[in-house]
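Text of entry.pdb, listed as PDB, C-alpha atoms:
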ATOM      1  CA  MET A   1     128.323 -87.946 -52.949
ATOM      2  CA  ASP A   2     128.398 -91.726 -52.709
ATOM      3  CA  ASN A   3     126.205 -92.419 -49.693
ATOM      4  CA  ASN A   4     125.154 -95.894 -48.615
ATOM      5  CA  SER A   5     121.976 -96.735 -46.784
ATOM      6  CA  LEU A   6     120.576 -99.142 -44.264
ATOM      7  CA  SER A   7     116.880 -99.369 -43.389
ATOM      8  CA  HIS A   8     116.810 -96.087 -41.407
ATOM      9  CA  THR A   9     120.272 -94.651 -41.972
ATOM     10  CA  THR A  10     122.208 -93.005 -44.772
ATOM     11  CA  TRP A  11     125.963 -93.133 -44.257
ATOM     12  CA  ASN A  12     129.336 -92.490 -45.842
ATOM     13  CA  CYS A  13     132.031 -93.818 -43.480
ATOM     14  CA  LYS A  14     135.474 -94.396 -44.982
ATOM     15  CA  TYR A  15     138.518 -95.336 -42.948
ATOM     16  CA  HIS A  16     142.228 -95.616 -43.710
ATOM     17  CA  ILE A  17     143.390 -98.700 -41.807
ATOM     18  CA  VAL A  18     146.984 -99.879 -41.354
ATOM     19  CA  PHE A  19     148.050-103.010 -39.477
ATOM     20  CA  ALA A  20     151.194-105.118 -39.424
ATOM     21  CA  PRO A  21     152.277-108.691 -38.746
ATOM     22  CA  LYS A  22     153.948-109.382 -35.426
ATOM     23  CA  TYR A  23     157.525-108.063 -35.280
ATOM     24  CA  ARG A  24     157.008-106.569 -38.775
ATOM     25  CA  ARG A  25     157.852-109.916 -40.357
ATOM     26  CA  LYS A  26     158.241-109.740 -44.114
ATOM     27  CA  ILE A  27     156.302-113.010 -44.500
ATOM     28  CA  ILE A  28     153.216-111.297 -45.962
ATOM     29  CA  TYR A  29     155.062-110.015 -49.012
ATOM     30  CA  GLY A  30     156.359-113.289 -50.384
ATOM     31  CA  GLU A  31     154.388-116.301 -51.476
ATOM     32  CA  LEU A  32     151.574-115.602 -48.997
ATOM     33  CA  LYS A  33     150.748-112.136 -50.364
ATOM     34  CA  GLN A  34     147.950-113.217 -52.703
ATOM     35  CA  ASP A  35     146.511-115.718 -50.226
ATOM     36  CA  ILE A  36     146.379-113.110 -47.445
ATOM     37  CA  ALA A  37     144.770-110.621 -49.835
ATOM     38  CA  ASN A  38     142.097-113.198 -50.724
ATOM     39  CA  ILE A  39     141.441-113.998 -47.063
ATOM     40  CA  LEU A  40     141.086-110.321 -46.094
ATOM     41  CA  SER A  41     138.817-109.663 -49.069
ATOM     42  CA  MET A  42     136.578-112.628 -48.252
ATOM     43  CA  LEU A  43     136.266-111.607 -44.596
ATOM     44  CA  CYS A  44     135.356-108.041 -45.588
ATOM     45  CA  LYS A  45     132.609-109.323 -47.888
ATOM     46  CA  ARG A  46     131.174-111.410 -45.038
ATOM     47  CA  LYS A  47     130.785-108.271 -42.905
ATOM     48  CA  GLU A  48     129.526-106.161 -45.849
ATOM     49  CA  VAL A  49     132.608-103.946 -45.727
ATOM     50  CA  HIS A  50     133.596-102.487 -49.093
ATOM     51  CA  ILE A  51     137.332-102.199 -49.806
ATOM     52  CA  VAL A  52     137.878 -99.073 -51.902
ATOM     53  CA  GLU A  53     141.661 -99.542 -52.182
ATOM     54  CA  ALA A  54     144.086-101.920 -50.508
ATOM     55  CA  GLY A  55     147.771-102.643 -50.608
ATOM     56  CA  ILE A  56     150.003-105.241 -49.026
ATOM     57  CA  CYS A  57     153.465-103.851 -48.377
ATOM     58  CA  PRO A  58     156.512-105.877 -47.251
ATOM     59  CA  ASP A  59     155.717-105.412 -43.559
ATOM     60  CA  HIS A  60     152.201-103.935 -43.258
ATOM     61  CA  VAL A  61     148.753-103.744 -44.849
ATOM     62  CA  HIS A  62     146.959-100.554 -46.001
ATOM     63  CA  MET A  63     143.205-100.520 -46.528
ATOM     64  CA  LEU A  64     140.740 -97.809 -47.482
ATOM     65  CA  ALA A  65     137.443 -99.338 -46.443
ATOM     66  CA  GLU A  66     133.811 -98.340 -46.108
ATOM     67  CA  ILE A  67     132.581 -99.797 -42.828
ATOM     68  CA  PRO A  68     128.802 -99.707 -42.219
ATOM     69  CA  SER A  69     127.678 -97.371 -39.459
ATOM     70  CA  LYS A  70     126.080-100.284 -37.562
ATOM     71  CA  MET A  71     129.547-101.732 -36.865
ATOM     72  CA  SER A  72     132.331-100.187 -34.797
ATOM     73  CA  VAL A  73     135.782 -99.966 -36.336
ATOM     74  CA  SER A  74     137.418-101.779 -33.418
ATOM     75  CA  ASP A  75     134.947-104.688 -33.679
ATOM     76  CA  PHE A  76     135.629-104.983 -37.396
ATOM     77  CA  ILE A  77     139.432-104.874 -36.986
ATOM     78  CA  GLY A  78     139.234-107.464 -34.195
ATOM     79  CA  TYR A  79     137.148-109.730 -36.420
ATOM     80  CA  LEU A  80     139.388-109.190 -39.456
ATOM     81  CA  LYS A  81     142.685-109.837 -37.671
ATOM     82  CA  GLY A  82     141.362-112.685 -35.525
ATOM     83  CA  LYS A  83     139.655-114.678 -38.277
ATOM     84  CA  SER A  84     142.440-114.040 -40.788
ATOM     85  CA  THR A  85     145.009-115.357 -38.308
ATOM     86  CA  LEU A  86     143.040-118.563 -37.864
ATOM     87  CA  MET A  87     142.628-118.989 -41.615
ATOM     88  CA  ILE A  88     146.290-118.253 -42.380
ATOM     89  CA  PHE A  89     147.498-120.800 -39.832
ATOM     90  CA  GLU A  90     144.927-123.320 -41.056
ATOM     91  CA  ARG A  91     146.063-123.006 -44.685
ATOM     92  CA  HIS A  92     149.766-122.748 -43.873
ATOM     93  CA  ALA A  93     150.311-125.057 -40.897
ATOM     94  CA  ASN A  94     154.113-124.714 -41.044
ATOM     95  CA  LEU A  95     153.817-121.079 -39.871
ATOM     96  CA  LYS A  96     152.564-122.226 -36.454
ATOM     97  CA  TYR A  97     155.949-123.702 -35.644
ATOM     98  CA  LYS A  98     157.981-120.910 -37.175
ATOM     99  CA  TYR A  99     156.070-117.904 -35.794
ATOM    100  CA  GLY A 100     154.124-119.179 -32.798
ATOM    101  CA  ASN A 101     150.613-120.505 -32.652
ATOM    102  CA  ARG A 102     147.798-117.968 -33.161
ATOM    103  CA  HIS A 103     149.942-114.821 -33.074
ATOM    104  CA  PHE A 104     150.268-113.529 -36.635
ATOM    105  CA  TRP A 105     149.223-109.848 -36.492
ATOM    106  CA  TYR A 106     150.615-107.173 -34.197
ATOM    107  CA  ARG A 107     148.149-106.250 -31.460
ATOM    108  CA  GLY A 108     147.628-102.624 -32.448
ATOM    109  CA  TYR A 109     146.517-100.877 -35.616
ATOM    110  CA  TYR A 110     146.191 -97.390 -37.072
ATOM    111  CA  VAL A 111     142.864 -95.994 -38.230
ATOM    112  CA  ASP A 112     141.903 -92.567 -39.528
ATOM    113  CA  THR A 113     138.618 -91.243 -40.837
ATOM    114  CA  VAL A 114     138.961 -90.196 -44.416
ATOM    115  CA  GLY A 115     136.045 -87.842 -44.972
ATOM    116  CA  LYS A 116     136.610 -85.615 -47.968
ATOM    117  CA  ASN A 117     140.236 -86.747 -48.455
ATOM    118  CA  ALA A 118     139.334 -90.128 -49.970
ATOM    119  CA  LYS A 119     140.969 -89.283 -53.307
ATOM    120  CA  LYS A 120     144.296 -88.451 -51.617
ATOM    121  CA  ILE A 121     144.273 -91.772 -49.764
ATOM    122  CA  GLU A 122     143.365 -93.663 -52.967
ATOM    123  CA  VAL A 123     146.341 -92.049 -54.707
ATOM    124  CA  TYR A 124     148.568 -92.899 -51.729
ATOM    125  CA  ILE A 125     147.743 -96.606 -52.093
ATOM    126  CA  ASP A 126     148.873 -97.339 -55.644
ATOM    127  CA  PRO A 127     146.272 -99.569 -57.321
ATOM    128  CA  PHE A 128     148.751-101.098 -59.776
ATOM    129  CA  THR A 129     151.403-102.422 -57.395
ATOM    130  CA  GLY A 130     149.468-102.412 -54.121
ATOM    131  CA  GLU A 131     152.312-100.508 -52.493
ATOM    132  CA  PRO A 132     152.316 -96.964 -51.151
ATOM    133  CA  VAL A 133     153.339 -94.407 -53.724
ATOM    134  CA  ASN A 134     156.759 -92.814 -53.101
ATOM    135  CA  LYS A 135     155.956 -89.168 -52.387
ATOM    136  CA  SER A 136     159.286 -87.982 -53.823
ATOM    137  CA  LYS A 137     158.327 -89.225 -57.309
ATOM    138  CA  LYS A 138     156.280 -86.379 -58.763
ATOM    139  CA  LYS A 139     155.373 -86.372 -62.417
TER     140      LYS A 139
END
In structure tokens, how does this file's structure come out?
Amino acid sequence: MDNNSLSHTTWNCKYHIVFAPKYRRKIIYGELKQDIANILSMLCKRKEVHIVEAGICPDHVHMLAEIPSKMSVSDFIGYLKGKSTLMIFERHANLKYKYGNRHFWYRGYYVDTVGKNAKKIEVYIDPFTGEPVNKSKKK
């Protein structure tokens, strides 16, 4: 079992997180895909959140992340979406005029505790393409 520890706590908290850009815009899949991935990765490192698997799809983002027990999931998602929006608009100023100032991500998100199903979620998020695996393709 791959437990993590803080000074007085041992924990193993993995979450499957899905969030989307406002109006499911396909903007994250084009030229901005790698830049958004770098921004999200950097912000996760700042909060000591480990990304087990991640994938950027044409209109949403999947993440399997280990979030420390000292931090609530909603606080982390708020930080991640808020700071990434500011950084995206700072690096790509033309998006402010095209998509509205400071409104990049959709307000809501999906989160599920993974528990013992971490391997199934890792298989679902294909590590080679970063896209969800088509369930109808069985080998």
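Distance-wise, CA of Ser41 in chain A and CA of Met63 in chain A end up 10.5 Å apart.
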When you look at Gly78 in chain A with a cut-off of 12 Å (counting all atoms listed in the file), what residues show up, excluding the ones that are within fewer than 2 positions of it in the same chain? I need them as a PyMOL selection string. chain A and resi 19+43+71-76+80-85+105-109
Those residues you just picked out, can you put them in a file as a PDB file, in the frame of the given file with C-alpha atoms?
ATOM      1  CA  PHE A  19     148.050-103.010 -39.477  1.00  0.00           C
ATOM      2  CA  LEU A  43     136.266-111.607 -44.596  1.00  0.00           C
ATOM      3  CA  MET A  71     129.547-101.732 -36.865  1.00  0.00           C
ATOM      4  CA  SER A  72     132.331-100.187 -34.797  1.00  0.00           C
ATOM      5  CA  VAL A  73     135.782 -99.966 -36.336  1.00  0.00           C
ATOM      6  CA  SER A  74     137.418-101.779 -33.418  1.00  0.00           C
ATOM      7  CA  ASP A  75     134.947-104.688 -33.679  1.00  0.00           C
ATOM      8  CA  PHE A  76     135.629-104.983 -37.396  1.00  0.00           C
ATOM      9  CA  LEU A  80     139.388-109.190 -39.456  1.00  0.00           C
ATOM     10  CA  LYS A  81     142.685-109.837 -37.671  1.00  0.00           C
ATOM     11  CA  GLY A  82     141.362-112.685 -35.525  1.00  0.00           C
ATOM     12  CA  LYS A  83     139.655-114.678 -38.277  1.00  0.00           C
ATOM     13  CA  SER A  84     142.440-114.040 -40.788  1.00  0.00           C
ATOM     14  CA  THR A  85     145.009-115.357 -38.308  1.00  0.00           C
ATOM     15  CA  TRP A 105     149.223-109.848 -36.492  1.00  0.00           C
ATOM     16  CA  TYR A 106     150.615-107.173 -34.197  1.00  0.00           C
ATOM     17  CA  ARG A 107     148.149-106.250 -31.460  1.00  0.00           C
ATOM     18  CA  GLY A 108     147.628-102.624 -32.448  1.00  0.00           C
ATOM     19  CA  TYR A 109     146.517-100.877 -35.616  1.00  0.00           C
TER      20      TYR A 109
END
Test item: residues at most 10 Å from Arg25 in chain A, all atoms listed in the file, excluding those fewer than 5 positions along its chain, as an MDAnalysis selection string: chainID A and resid 20 58:60 99 104:106
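When all atoms listed in the file are used to compute distances to Gly115 in chain A, the closest of the residues A:His8, A:Tyr23, A:Asn94, A:Tyr15 turns out to be A:Tyr15.
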Excluding Lys14 in chain A and its own-chain neighbours fewer than 3 positions away, which residues fall within 6 Å of it when counting all atoms listed in the file? Please give them as a PyMOL selection string. chain A and resi 65-66+114
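Distance-wise, CA of Tyr97 in chain A and CA of His62 in chain A end up 26.9 Å apart.
Using only C-alpha atoms for every distance, the candidate list A:Leu32, A:Ala93, A:Leu86, A:Val111 yields A:Leu32 as the residue closest to Cys57 in chain A.
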Residues proximal to (128.7, -94.0, -40.7) were defined as those with any atom within 6 Å of that point in the file's coordinates, counting all atoms listed in the file. Which are they, as an MDAnalysis selection string? chainID A and resid 11:13 68:69
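With distances restricted to only C-alpha atoms, A:His16 is the closest residue to Ile51 in chain A from A:Lys22, A:Lys33, A:His16, A:Lys70.
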What gap, in Å, lies between CA of His103 in chain A and CA of Pro21 in chain A? 8.7 Å
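Of the listed residues A:Glu31, A:Ile17, A:Glu90, A:Tyr79, the one whose atoms come nearest to Val52 in chain A is A:Ile17, with distances taken using all atoms listed in the file.
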